[in-house]
>>> print(open('start-v2.txt').read())   # compact mmCIF, C-alpha atoms and all ligand atoms
# COMPACT_ATOMS: atom_id res chain seq x y z
CA MET A 1 -34.83 58.56 -66.48
CA ASN A 2 -36.33 56.86 -69.56
CA ILE A 3 -34.26 54.25 -71.34
CA LEU A 4 -35.07 52.67 -74.68
CA VAL A 5 -33.77 49.11 -75.04
CA ILE A 6 -33.18 47.84 -78.56
CA ASN A 7 -32.50 44.35 -79.78
CA ALA A 8 -31.73 44.68 -83.50
CA GLY A 9 -31.60 41.59 -85.70
CA SER A 10 -30.84 41.48 -89.41
CA SER A 11 -34.50 41.85 -90.39
CA SER A 12 -36.14 42.64 -87.08
CA LEU A 13 -35.97 45.09 -84.23
CA LYS A 14 -37.49 44.66 -80.77
CA TYR A 15 -37.81 47.52 -78.30
CA GLN A 16 -38.87 48.30 -74.75
CA LEU A 17 -39.06 51.69 -73.12
CA PHE A 18 -38.40 51.73 -69.36
CA GLN A 19 -39.05 54.40 -66.78
CA MET A 20 -36.14 53.52 -64.51
CA GLU A 21 -36.97 55.10 -61.15
CA GLU A 22 -40.29 53.24 -60.98
CA GLY A 23 -39.03 50.23 -62.92
CA ASN A 24 -42.04 50.51 -65.26
CA ILE A 25 -42.33 49.46 -68.89
CA LEU A 26 -43.92 52.38 -70.75
CA ALA A 27 -44.16 50.59 -74.09
CA LYS A 28 -42.74 47.69 -76.04
CA GLY A 29 -42.99 46.33 -79.54
CA ARG A 30 -41.22 45.00 -82.58
CA VAL A 31 -40.67 45.60 -86.25
CA GLU A 32 -40.41 42.42 -88.32
CA ARG A 33 -39.46 41.82 -91.95
CA ILE A 34 -37.33 44.97 -92.23
CA GLY A 35 -36.23 45.28 -95.87
CA MET A 36 -39.63 44.32 -97.24
CA GLU A 37 -42.64 46.25 -98.50
CA THR A 38 -44.76 44.31 -96.03
CA ALA A 39 -42.84 44.88 -92.82
CA ILE A 40 -44.93 44.32 -89.69
CA LEU A 41 -44.91 46.83 -86.86
CA THR A 42 -46.41 45.94 -83.49
CA HIS A 43 -46.52 48.58 -80.77
CA GLU A 44 -47.81 47.87 -77.26
CA PRO A 45 -48.09 51.04 -75.16
CA THR A 46 -48.83 50.23 -71.51
CA GLY A 47 -52.47 50.94 -70.70
CA LYS A 48 -53.37 51.80 -74.30
CA ALA A 49 -54.55 49.85 -77.32
CA GLU A 50 -51.99 47.86 -79.36
CA VAL A 51 -51.03 49.06 -82.82
CA HIS A 52 -50.44 46.69 -85.75
CA GLU A 53 -49.27 48.07 -89.07
CA VAL A 54 -48.08 46.48 -92.28
CA ARG A 55 -46.02 48.97 -94.29
CA GLU A 56 -42.85 49.37 -96.30
CA ILE A 57 -39.81 49.56 -94.01
CA LEU A 58 -36.65 49.06 -96.01
CA GLU A 59 -34.00 49.73 -93.41
CA HIS A 60 -33.29 49.99 -89.71
CA THR A 61 -33.12 53.80 -89.74
CA THR A 62 -36.72 53.91 -90.97
CA ALA A 63 -37.73 51.27 -88.42
CA ILE A 64 -36.34 53.35 -85.55
CA ARG A 65 -37.99 56.48 -86.95
CA LYS A 66 -41.36 54.69 -87.00
CA VAL A 67 -40.85 53.45 -83.45
CA LEU A 68 -40.01 56.98 -82.23
CA GLU A 69 -43.08 58.37 -84.04
CA LEU A 70 -45.26 55.83 -82.24
CA LEU A 71 -43.67 56.56 -78.86
CA VAL A 72 -44.73 60.23 -79.15
CA HIS A 73 -47.95 59.63 -81.11
CA PRO A 74 -50.88 61.68 -79.67
CA GLU A 75 -53.07 58.57 -79.42
CA HIS A 76 -50.68 55.61 -79.14
CA GLY A 77 -47.68 57.36 -77.61
CA VAL A 78 -46.36 57.37 -74.06
CA LEU A 79 -44.04 60.40 -74.23
CA ALA A 80 -44.60 64.06 -75.13
CA SER A 81 -41.33 64.24 -77.04
CA THR A 82 -38.42 61.98 -77.98
CA SER A 83 -36.20 64.30 -75.93
CA GLU A 84 -37.67 62.46 -72.92
CA ILE A 85 -35.59 59.42 -73.93
CA ASP A 86 -32.41 59.85 -71.90
CA ALA A 87 -30.40 56.95 -73.29
CA VAL A 88 -30.57 53.86 -75.48
CA GLY A 89 -29.26 50.40 -74.52
CA HIS A 90 -28.51 47.82 -77.19
CA ARG A 91 -28.18 44.09 -76.95
CA VAL A 92 -25.00 42.95 -78.70
CA VAL A 93 -24.43 39.22 -79.07
CA HIS A 94 -20.64 39.07 -79.34
CA GLY A 95 -18.17 41.09 -77.33
CA GLY A 96 -15.28 38.68 -77.93
CA GLU A 97 -12.48 39.06 -75.37
CA SER A 98 -12.62 42.83 -75.65
CA PHE A 99 -15.71 43.48 -73.55
CA LYS A 100 -15.95 42.10 -70.05
CA SER A 101 -18.86 44.35 -69.11
CA SER A 102 -21.35 46.77 -70.66
CA VAL A 103 -19.95 50.04 -72.03
CA LEU A 104 -21.10 53.38 -73.44
CA VAL A 105 -20.81 53.60 -77.23
CA ASN A 106 -17.98 55.69 -78.68
CA ASP A 107 -15.90 55.45 -81.85
CA GLU A 108 -13.48 52.93 -80.31
CA VAL A 109 -16.34 50.69 -79.15
CA LYS A 110 -17.97 50.79 -82.59
CA LYS A 111 -14.67 49.90 -84.24
CA GLU A 112 -14.24 46.96 -81.89
CA ILE A 113 -17.79 45.65 -82.47
CA LYS A 114 -17.07 45.79 -86.22
CA ARG A 115 -13.79 43.95 -85.71
CA LEU A 116 -15.83 41.18 -84.09
CA PHE A 117 -18.14 40.76 -87.13
CA ASP A 118 -16.19 37.61 -88.05
CA LEU A 119 -17.15 35.92 -84.78
CA ALA A 120 -20.87 36.74 -85.08
CA PRO A 121 -21.56 37.40 -88.77
CA LEU A 122 -25.34 37.09 -88.38
CA HIS A 123 -25.68 39.23 -85.27
CA ASN A 124 -23.07 41.96 -84.77
CA PRO A 125 -23.63 43.67 -88.16
CA ALA A 126 -27.34 43.91 -87.34
CA HIS A 127 -26.58 45.43 -83.92
CA MET A 128 -24.37 48.03 -85.62
CA LEU A 129 -27.28 48.90 -87.91
CA GLY A 130 -29.35 49.50 -84.78
CA ILE A 131 -26.67 51.74 -83.25
CA SER A 132 -26.30 53.76 -86.47
CA ALA A 133 -30.07 54.05 -86.84
CA VAL A 134 -30.32 55.55 -83.33
CA GLU A 135 -27.46 57.96 -84.12
CA ALA A 136 -29.28 59.07 -87.26
CA ASN A 137 -32.61 59.61 -85.50
CA MET A 138 -31.48 60.80 -82.07
CA PRO A 139 -28.13 62.53 -82.47
CA GLY A 140 -26.31 63.11 -79.20
CA VAL A 141 -28.37 60.66 -77.13
CA PRO A 142 -25.98 58.41 -75.19
CA GLN A 143 -26.02 54.73 -76.16
CA ALA A 144 -24.74 51.70 -74.27
CA VAL A 145 -24.03 48.15 -75.43
CA VAL A 146 -24.68 45.07 -73.33
CA PHE A 147 -23.02 41.88 -74.52
CA ASP A 148 -24.34 38.30 -74.36
CA THR A 149 -20.78 37.09 -73.91
CA ALA A 150 -19.52 39.54 -71.24
CA PHE A 151 -20.77 37.68 -68.14
CA HIS A 152 -18.86 34.55 -69.21
CA GLN A 153 -15.53 36.37 -69.54
CA SER A 154 -14.83 35.24 -65.96
CA MET A 155 -14.36 31.62 -67.15
CA PRO A 156 -10.89 30.24 -66.42
CA ALA A 157 -8.65 29.22 -69.34
CA HIS A 158 -9.13 25.51 -68.67
CA ALA A 159 -12.87 26.00 -69.29
CA TYR A 160 -12.71 28.35 -72.27
CA LEU A 161 -9.91 26.76 -74.30
CA TYR A 162 -10.50 23.90 -76.72
CA PRO A 163 -7.89 21.14 -76.84
CA VAL A 164 -6.72 22.07 -80.37
CA PRO A 165 -3.44 23.72 -81.50
CA MET A 166 -2.97 26.95 -79.57
CA ALA A 167 -2.30 28.82 -82.82
CA LEU A 168 -6.06 28.72 -83.46
CA TYR A 169 -6.63 30.65 -80.27
CA ARG A 170 -3.66 32.97 -80.64
CA LYS A 171 -4.27 33.82 -84.29
CA HIS A 172 -8.03 33.50 -84.63
CA LYS A 173 -9.40 33.68 -81.06
CA VAL A 174 -10.96 30.23 -81.31
CA ARG A 175 -12.25 29.62 -77.76
CA ARG A 176 -15.45 29.28 -75.76
CA TYR A 177 -17.23 32.60 -75.28
CA GLY A 178 -20.68 31.49 -74.14
CA PHE A 179 -23.95 33.34 -74.71
CA HIS A 180 -27.17 34.27 -72.86
CA GLY A 181 -24.84 35.91 -70.32
CA THR A 182 -27.32 38.67 -69.51
CA SER A 183 -29.91 36.06 -68.60
CA HIS A 184 -27.56 33.80 -66.59
CA ASN A 185 -26.35 36.90 -64.71
CA TYR A 186 -29.88 38.11 -63.97
CA VAL A 187 -31.35 34.79 -62.82
CA SER A 188 -28.34 34.03 -60.60
CA GLU A 189 -28.78 37.39 -58.82
CA ARG A 190 -32.52 36.82 -58.48
CA ALA A 191 -31.94 33.26 -57.21
CA ALA A 192 -29.69 34.55 -54.43
CA ALA A 193 -32.28 37.19 -53.51
CA PHE A 194 -35.05 34.57 -53.54
CA LEU A 195 -33.04 32.24 -51.32
CA GLY A 196 -32.05 35.13 -49.05
CA ARG A 197 -28.40 34.11 -49.27
CA PRO A 198 -25.31 36.01 -50.47
CA LEU A 199 -24.59 35.26 -54.14
CA GLU A 200 -20.86 35.16 -53.26
CA GLN A 201 -21.48 31.98 -51.26
CA LEU A 202 -23.62 30.10 -53.79
CA LYS A 203 -22.92 27.42 -56.37
CA LEU A 204 -25.63 27.56 -59.04
CA VAL A 205 -26.43 25.74 -62.25
CA THR A 206 -28.56 28.06 -64.36
CA CYS A 207 -30.48 26.56 -67.29
CA HIS A 208 -31.63 29.09 -69.93
CA ILE A 209 -33.85 26.88 -72.06
CA GLY A 210 -35.56 28.75 -74.90
CA ASN A 211 -35.33 28.26 -78.67
CA GLY A 212 -31.62 28.56 -78.05
CA ALA A 213 -30.51 26.90 -74.82
CA SER A 214 -27.50 26.98 -72.55
CA CYS A 215 -26.45 25.97 -69.04
CA ALA A 216 -23.96 27.83 -66.88
CA ALA A 217 -21.98 26.92 -63.78
CA ILE A 218 -21.94 29.98 -61.52
CA MET A 219 -19.75 30.10 -58.44
CA GLY A 220 -19.90 33.11 -56.15
CA GLY A 221 -21.78 35.06 -58.82
CA LYS A 222 -19.15 34.40 -61.52
CA SER A 223 -19.62 32.20 -64.57
CA VAL A 224 -17.00 29.43 -64.44
CA ASP A 225 -18.32 27.41 -67.38
CA THR A 226 -21.13 27.45 -69.91
CA SER A 227 -22.39 25.08 -72.56
CA MET A 228 -22.46 27.34 -75.64
CA GLY A 229 -19.03 27.76 -77.13
CA MET A 230 -17.34 29.87 -79.74
CA THR A 231 -20.79 30.08 -81.36
CA PRO A 232 -24.29 29.41 -79.99
CA LEU A 233 -24.30 25.96 -81.65
CA GLU A 234 -22.43 24.01 -78.97
CA GLY A 235 -23.90 22.40 -75.88
CA LEU A 236 -27.50 21.43 -75.30
CA MET A 237 -29.85 20.04 -77.91
CA MET A 238 -32.10 22.95 -78.96
CA GLY A 239 -35.18 23.68 -81.07
CA THR A 240 -33.37 23.53 -84.41
CA ARG A 241 -29.70 23.33 -83.33
CA SER A 242 -27.84 20.09 -82.77
CA GLY A 243 -25.73 21.12 -79.78
CA ASP A 244 -22.77 18.82 -79.04
CA LEU A 245 -21.71 16.27 -81.61
CA ASP A 246 -18.57 14.48 -82.75
CA PRO A 247 -16.77 17.09 -84.91
CA ALA A 248 -15.71 14.29 -87.29
CA ILE A 249 -19.37 14.05 -88.34
CA VAL A 250 -18.99 17.36 -90.18
CA PRO A 251 -16.47 16.31 -92.86
CA TYR A 252 -18.01 12.80 -92.99
CA ALA A 253 -21.55 14.07 -93.65
CA MET A 254 -20.24 16.70 -96.10
CA GLY A 255 -18.51 13.96 -98.10
CA LYS A 256 -21.37 11.46 -98.02
CA GLU A 257 -24.13 13.98 -98.77
CA ASP A 258 -22.03 16.25 -101.00
CA LEU A 259 -22.73 19.28 -98.84
CA THR A 260 -21.04 22.67 -98.93
CA LEU A 261 -19.83 24.42 -95.77
CA GLY A 262 -22.89 26.66 -95.92
CA GLU A 263 -25.20 23.67 -96.25
CA ILE A 264 -23.74 21.73 -93.32
CA SER A 265 -23.80 24.85 -91.18
CA SER A 266 -27.44 25.45 -92.07
CA MET A 267 -28.25 21.77 -91.33
CA LEU A 268 -26.71 21.94 -87.83
CA ASN A 269 -28.17 25.36 -86.97
CA LYS A 270 -31.58 25.29 -88.60
CA HIS A 271 -32.58 21.71 -89.35
CA SER A 272 -31.42 19.71 -86.34
CA GLY A 273 -32.43 19.48 -82.68
CA LEU A 274 -36.05 18.81 -81.68
CA GLN A 275 -37.18 19.59 -85.22
CA ALA A 276 -34.98 16.93 -86.83
CA ILE A 277 -35.64 14.12 -84.36
CA SER A 278 -39.39 14.67 -83.98
CA GLY A 279 -40.03 15.56 -87.62
CA ILE A 280 -42.85 17.66 -86.13
CA SER A 281 -41.67 20.93 -84.66
CA SER A 282 -38.90 22.86 -82.94
CA ASP A 283 -41.44 24.11 -80.42
CA MET A 284 -41.52 22.23 -77.12
CA ARG A 285 -45.27 22.82 -76.77
CA GLU A 286 -45.95 20.86 -79.94
CA ILE A 287 -43.47 18.13 -78.96
CA VAL A 288 -45.21 17.60 -75.61
CA GLU A 289 -48.63 17.59 -77.26
CA ALA A 290 -47.49 14.99 -79.79
CA LEU A 291 -45.79 12.74 -77.25
CA GLU A 292 -48.89 12.84 -75.05
CA ALA A 293 -50.87 11.74 -78.12
CA GLY A 294 -48.49 8.77 -78.44
CA ASP A 295 -46.08 9.98 -81.14
CA LYS A 296 -42.87 7.92 -80.81
CA ASN A 297 -40.57 10.38 -82.59
CA ALA A 298 -41.75 13.22 -80.37
CA ALA A 299 -41.12 11.02 -77.32
CA LEU A 300 -37.58 10.25 -78.54
CA ALA A 301 -36.89 13.94 -79.22
CA PHE A 302 -38.06 14.85 -75.71
CA GLU A 303 -36.01 12.06 -74.13
CA MET A 304 -32.84 13.16 -75.95
CA TYR A 305 -33.44 16.81 -75.05
CA GLU A 306 -33.99 16.04 -71.37
CA TYR A 307 -31.08 13.57 -71.20
CA ARG A 308 -28.60 16.01 -72.70
CA LEU A 309 -29.76 18.79 -70.35
CA ARG A 310 -29.48 16.53 -67.29
CA LYS A 311 -25.96 15.43 -68.31
CA TYR A 312 -24.87 19.07 -68.42
CA ILE A 313 -26.37 19.76 -65.00
CA GLY A 314 -24.42 16.76 -63.65
CA ALA A 315 -21.22 17.94 -65.35
CA TYR A 316 -21.50 21.41 -63.84
CA VAL A 317 -22.14 20.05 -60.36
CA ALA A 318 -18.88 18.11 -60.81
CA ALA A 319 -17.16 21.22 -62.23
CA MET A 320 -18.06 23.18 -59.07
CA ASN A 321 -17.74 20.20 -56.69
CA GLY A 322 -21.26 20.86 -55.46
CA VAL A 323 -24.41 22.83 -56.06
CA ASP A 324 -26.81 24.83 -53.90
CA ALA A 325 -29.52 25.46 -56.47
CA ILE A 326 -30.57 24.63 -60.01
CA VAL A 327 -32.43 27.43 -61.81
CA PHE A 328 -34.74 27.07 -64.81
CA THR A 329 -35.48 30.04 -67.06
CA ALA A 330 -36.54 31.17 -70.60
CA GLY A 331 -39.46 29.93 -72.75
CA VAL A 332 -39.13 26.19 -72.14
CA GLY A 333 -37.51 26.43 -68.70
CA GLU A 334 -40.22 28.74 -67.37
CA ASN A 335 -43.17 26.99 -68.99
CA SER A 336 -42.58 23.29 -69.53
CA GLU A 337 -43.75 21.50 -66.40
CA LEU A 338 -42.94 18.15 -67.98
CA LEU A 339 -39.32 19.00 -68.76
CA ARG A 340 -38.63 20.33 -65.26
CA GLN A 341 -40.37 17.36 -63.65
CA THR A 342 -38.49 14.80 -65.73
CA VAL A 343 -35.11 16.41 -65.06
CA CYS A 344 -35.71 16.83 -61.32
CA GLU A 345 -37.10 13.33 -60.75
CA ARG A 346 -33.92 11.92 -62.25
CA LEU A 347 -31.60 13.99 -60.05
CA THR A 348 -32.48 12.33 -56.74
CA PHE A 349 -28.83 11.18 -56.38
CA LEU A 350 -27.92 14.85 -55.90
CA GLY A 351 -30.44 15.28 -53.13
CA VAL A 352 -33.11 17.00 -55.23
CA GLU A 353 -36.55 16.50 -53.67
CA PHE A 354 -39.03 17.61 -56.30
CA ASP A 355 -42.35 19.27 -55.38
CA GLU A 356 -44.86 18.23 -58.04
CA GLU A 357 -47.56 20.60 -56.86
CA ALA A 358 -45.29 23.66 -56.71
CA ASN A 359 -44.10 22.81 -60.23
CA ARG A 360 -47.65 23.19 -61.54
CA LYS A 361 -48.38 26.53 -59.84
CA GLY A 362 -47.30 30.14 -60.15
CA ARG A 363 -46.50 30.49 -63.85
CA GLY A 364 -44.73 33.78 -64.50
CA LEU A 365 -43.57 34.07 -60.88
CA GLU A 366 -40.24 33.41 -59.20
CA ARG A 367 -40.73 30.21 -57.25
CA ARG A 368 -39.24 27.11 -55.60
CA ILE A 369 -40.18 23.75 -57.11
CA SER A 370 -38.16 21.62 -54.71
CA LYS A 371 -39.59 20.58 -51.34
CA GLN A 372 -38.74 22.54 -48.21
CA GLY A 373 -35.58 20.95 -46.84
CA SER A 374 -34.42 19.56 -50.21
CA LYS A 375 -30.61 19.35 -50.12
CA VAL A 376 -30.47 21.07 -53.51
CA GLU A 377 -32.99 23.82 -54.20
CA VAL A 378 -34.69 24.02 -57.58
CA LEU A 379 -36.07 27.39 -58.68
CA VAL A 380 -37.95 28.81 -61.64
CA ILE A 381 -36.92 32.42 -62.27
CA PRO A 382 -38.47 34.27 -65.25
CA THR A 383 -35.65 35.94 -67.13
CA ASN A 384 -35.66 39.63 -68.03
CA GLU A 385 -32.79 40.45 -70.36
CA GLU A 386 -34.28 43.80 -71.42
CA TRP A 387 -34.36 44.96 -67.82
CA VAL A 388 -30.66 44.09 -67.35
CA ILE A 389 -29.82 46.08 -70.51
CA ALA A 390 -31.83 49.06 -69.19
CA ARG A 391 -30.25 48.73 -65.72
CA ASP A 392 -26.69 48.55 -67.08
CA THR A 393 -27.33 51.54 -69.36
CA PHE A 394 -28.79 53.48 -66.42
CA GLY A 395 -25.72 52.65 -64.29
CA LEU A 396 -23.30 53.71 -67.03
CA ILE A 397 -25.12 57.01 -67.60
CA GLN A 398 -25.22 57.74 -63.89
CA SER A 399 -21.51 57.06 -63.41
CA GLN A 400 -20.75 59.21 -66.46
CA ASN A 401 -22.84 62.02 -64.99
CA ILE A 402 -20.98 61.69 -61.68
CA ARG A 403 -17.65 61.86 -63.55
CA LEU A 404 -18.85 64.95 -65.40
CA GLU A 405 -19.96 66.59 -62.14
CA LEU A 406 -16.64 65.74 -60.49
CA SER A 407 -14.72 67.20 -63.42
CA LYS A 408 -16.53 70.50 -62.80
CA ILE A 409 -15.46 70.70 -59.14
CA ASP A 410 -12.38 72.74 -58.45
CA PHE A 411 -10.17 70.54 -56.27
CA SER A 412 -7.29 72.99 -56.29
CA HIS A 413 -8.12 74.36 -52.81
CA GLY A 414 -7.98 70.91 -51.34
CA ASN A 415 -4.68 70.25 -53.07
CA ARG A 416 -3.21 73.49 -51.81
CA ASN A 417 -4.36 72.62 -48.31
CA SER A 418 -2.74 69.25 -48.47
CA VAL A 419 0.54 70.72 -49.72
CA GLN A 420 0.53 73.23 -46.90
P1 LIG B 501 -35.85 32.65 -77.68
O1 LIG B 501 -34.63 31.77 -77.61
O2 LIG B 501 -36.39 32.82 -79.06
O3 LIG B 501 -35.75 33.91 -76.87
P2 LIG B 501 -37.83 31.85 -75.72
O4 LIG B 501 -37.03 31.90 -74.48
O5 LIG B 501 -38.89 32.86 -75.91
O6 LIG B 501 -36.92 31.74 -76.99
O7 LIG B 501 -38.49 30.40 -75.79
C1 LIG B 501 -39.32 30.06 -76.86
C2 LIG B 501 -39.70 28.61 -76.71
O8 LIG B 501 -40.36 28.41 -75.45
C3 LIG B 501 -40.72 28.15 -77.74
O9 LIG B 501 -40.11 27.72 -78.90
C4 LIG B 501 -41.40 27.02 -77.02
O10 LIG B 501 -40.73 25.83 -77.39
C5 LIG B 501 -41.14 27.24 -75.57
N1 LIG B 501 -42.39 27.38 -74.81
C6 LIG B 501 -43.16 28.48 -74.65
N2 LIG B 501 -44.27 28.18 -73.92
C7 LIG B 501 -44.18 26.86 -73.60
C8 LIG B 501 -44.99 25.94 -72.85
N3 LIG B 501 -46.12 26.33 -72.28
N4 LIG B 501 -44.56 24.68 -72.76
C9 LIG B 501 -43.42 24.28 -73.33
N5 LIG B 501 -42.62 25.08 -74.04
C10 LIG B 501 -42.98 26.35 -74.18
>>> encode(input="start-v2.txt", output="structure tokens")
Amino acid sequence: MNILVINAGSSSLKYQLFQMEEGNILAKGRVERIGMETAILTHEPTGKAEVHEVREILEHTTAIRKVLELLVHPEHGVLASTSEIDAVGHRVVHGGESFKSSVLVNDEVKKEIKRLFDLAPLHNPAHMLGISAVEANMPGVPQAVVFDTAFHQSMPAHAYLYPVPMALYRKHKVRRYGFHGTSHNYVSERAAAFLGRPLEQLKLVTCHIGNGASCAAIMGGKSVDTSMGMTPLEGLMMGTRSGDLDPAIVPYAMGKEDLTLGEISSMLNKHSGLQAISGISSDMREIVEALEAGDKNAALAFEMYEYRLRKYIGAYVAAMNGVDAIVFTAGVGENSELLRQTVCERLTFLGVEFDEEANRKGRGLERRISKQGSKVEVLVIPTNEEWVIARDTFGLIQSQNIRLELSKIDFSHGNRNSVQ
């Protein structure tokens, strides 16, 4: 079965085509700057030359059409026909309280995703464009949606509620939802497999540290708390996002600087974090380079970033009353030796024994960076959100097929037998 995974943003669209039985990626790519005359299309078919095109792509339907053309292109393609695509899986950022797991798309599901536009105004409308674009280009092909929030729906009320008047929750669904759920879910399963222990018996702190960053406390395979909140702004300090701050700063700064709601929101989402403190970059690679060259602001930005991450790890160990393993993943978590080393060397009170050599080796691989016998294990697990989307879609299609097959079987004989 071939499954196309789509991650549609407002002006971009990323895709990966999986052959599920073998677990192979047949092709991947992205369309950037959708809506412009100079949209950029990058197509990477496995085992063939990459394609880069700059062309007018004004909407998502055209972007999907171009992607499908490339997938069946005589030279750059990997399929004979688009009919070889059995299903499409979409990443959807916000599933609110309605979606506790991935689902197949139908009219009800689309209506519900639209109802949630308010909670994710930048993301959910773009995902709907992706879903409609697939419908327009591949009518009848089953589609599934996989939500960033779904994995965290297992959080208990004392973790997801904010201590504000309950009317805000009842009327407007103000609560913690959490994000990066697909990644936290995947790395926790992989961590259990790596450790050779049942996930049901493990307490894990998973740290998804990319441009956006979040920690999760995972007990027995279920998320019991996570650092992102109602939106992906809360929690850790990030590339350009502030993470946690005193909410009273918002009206205070608005008054003092004469800012509108849009301006303060943009400041906290796009002009804060590593970028604001270092004055150099939101990219951890450039921060580390600058601090190694002696830049004091870069050093302060790194120190704040590491400190805030370590505090969350400590909080989640307390939340679970223990921890078996800490897991690092995503761009920074998988690649920044310095961040992992600094965090781990300051967690000796927990029983973390850090292995400096292991930390330097094996980039791109699942690995242990704590010493053998360390009371708390520390792992690096490369995340693979696209694979989880493909896997969930595959599972949904298979169970639908089984239901269809079952509905064709005539059970009446069995029933008659049982009555007799
Ligand atoms: P996104 O949240 O956009 O999915 P990623 O998980 O891809 O982000 O992470 C991107 C970030 O990873 C970059 O901004 C960069 O800071 C960081 N990163 C990538 N490679 C390295 C590296 N070698 N060292 C430190 N940070 C890195």
>>> residues_around(input="start-v2.txt", residues="region 150-158 of chain A", least_positions_apart="4", cutoff="12 Å", atoms="only C-alpha atoms", output="PDB file with C-alpha atoms, in the frame of the given file")
ATOM      1  CA  ARG A  91     -28.180  44.090 -76.950  1.00  0.00           C
ATOM      2  CA  VAL A  92     -25.000  42.950 -78.700  1.00  0.00           C
ATOM      3  CA  VAL A  93     -24.430  39.220 -79.070  1.00  0.00           C
ATOM      4  CA  HIS A  94     -20.640  39.070 -79.340  1.00  0.00           C
ATOM      5  CA  GLY A  95     -18.170  41.090 -77.330  1.00  0.00           C
ATOM      6  CA  GLY A  96     -15.280  38.680 -77.930  1.00  0.00           C
ATOM      7  CA  GLU A  97     -12.480  39.060 -75.370  1.00  0.00           C
ATOM      8  CA  SER A  98     -12.620  42.830 -75.650  1.00  0.00           C
ATOM      9  CA  PHE A  99     -15.710  43.480 -73.550  1.00  0.00           C
ATOM     10  CA  LYS A 100     -15.950  42.100 -70.050  1.00  0.00           C
ATOM     11  CA  SER A 101     -18.860  44.350 -69.110  1.00  0.00           C
ATOM     12  CA  SER A 102     -21.350  46.770 -70.660  1.00  0.00           C
ATOM     13  CA  VAL A 103     -19.950  50.040 -72.030  1.00  0.00           C
ATOM     14  CA  VAL A 145     -24.030  48.150 -75.430  1.00  0.00           C
ATOM     15  CA  VAL A 146     -24.680  45.070 -73.330  1.00  0.00           C
ATOM     16  CA  TYR A 162     -10.500  23.900 -76.720  1.00  0.00           C
ATOM     17  CA  PRO A 163      -7.890  21.140 -76.840  1.00  0.00           C
ATOM     18  CA  MET A 166      -2.970  26.950 -79.570  1.00  0.00           C
ATOM     19  CA  TYR A 169      -6.630  30.650 -80.270  1.00  0.00           C
ATOM     20  CA  ARG A 175     -12.250  29.620 -77.760  1.00  0.00           C
ATOM     21  CA  ARG A 176     -15.450  29.280 -75.760  1.00  0.00           C
ATOM     22  CA  TYR A 177     -17.230  32.600 -75.280  1.00  0.00           C
ATOM     23  CA  GLY A 178     -20.680  31.490 -74.140  1.00  0.00           C
ATOM     24  CA  PHE A 179     -23.950  33.340 -74.710  1.00  0.00           C
ATOM     25  CA  HIS A 180     -27.170  34.270 -72.860  1.00  0.00           C
ATOM     26  CA  GLY A 181     -24.840  35.910 -70.320  1.00  0.00           C
ATOM     27  CA  THR A 182     -27.320  38.670 -69.510  1.00  0.00           C
ATOM     28  CA  SER A 183     -29.910  36.060 -68.600  1.00  0.00           C
ATOM     29  CA  HIS A 184     -27.560  33.800 -66.590  1.00  0.00           C
ATOM     30  CA  ASN A 185     -26.350  36.900 -64.710  1.00  0.00           C
ATOM     31  CA  TYR A 186     -29.880  38.110 -63.970  1.00  0.00           C
ATOM     32  CA  SER A 188     -28.340  34.030 -60.600  1.00  0.00           C
ATOM     33  CA  SER A 214     -27.500  26.980 -72.550  1.00  0.00           C
ATOM     34  CA  CYS A 215     -26.450  25.970 -69.040  1.00  0.00           C
ATOM     35  CA  ALA A 216     -23.960  27.830 -66.880  1.00  0.00           C
ATOM     36  CA  ALA A 217     -21.980  26.920 -63.780  1.00  0.00           C
ATOM     37  CA  ILE A 218     -21.940  29.980 -61.520  1.00  0.00           C
ATOM     38  CA  MET A 219     -19.750  30.100 -58.440  1.00  0.00           C
ATOM     39  CA  GLY A 220     -19.900  33.110 -56.150  1.00  0.00           C
ATOM     40  CA  GLY A 221     -21.780  35.060 -58.820  1.00  0.00           C
ATOM     41  CA  LYS A 222     -19.150  34.400 -61.520  1.00  0.00           C
ATOM     42  CA  SER A 223     -19.620  32.200 -64.570  1.00  0.00           C
ATOM     43  CA  VAL A 224     -17.000  29.430 -64.440  1.00  0.00           C
ATOM     44  CA  ASP A 225     -18.320  27.410 -67.380  1.00  0.00           C
ATOM     45  CA  THR A 226     -21.130  27.450 -69.910  1.00  0.00           C
ATOM     46  CA  SER A 227     -22.390  25.080 -72.560  1.00  0.00           C
ATOM     47  CA  MET A 228     -22.460  27.340 -75.640  1.00  0.00           C
ATOM     48  CA  GLY A 229     -19.030  27.760 -77.130  1.00  0.00           C
ATOM     49  CA  MET A 230     -17.340  29.870 -79.740  1.00  0.00           C
ATOM     50  CA  ALA A 319     -17.160  21.220 -62.230  1.00  0.00           C
ATOM     51  CA  VAL A 388     -30.660  44.090 -67.350  1.00  0.00           C
TER      52      VAL A 388
END
>>> residues_around(input="start-v2.txt", residues="His52 (chain A)", least_positions_apart="4", cutoff="8 Å", atoms="all atoms listed in the file", output="list in words")
Ile40, Leu41, Thr42 and His43 of chain A
>>> residues_around(input="start-v2.txt", residues="region 60-74 of chain A", least_positions_apart="5", cutoff="7 Å", atoms="all atoms listed in the file", output="ChimeraX atom specification")
/A:31,34,79-82,129-130,133-134,136-137
>>> residues_around(input="start-v2.txt", residues="Ile397 (chain A)", least_positions_apart="6", cutoff="8 Å", atoms="all atoms listed in the file", output="list in words")
Ala87, Leu104 and Pro142 of chain A
>>> residues_near_ligand(input="start-v2.txt", ligand="ligand LIG 501 (chain B)", cutoff="8 Å", atoms="only C-alpha atoms and all ligand atoms", output="number ranges by chain")
A: 208-213, 239, 282-286, 288, 329-337
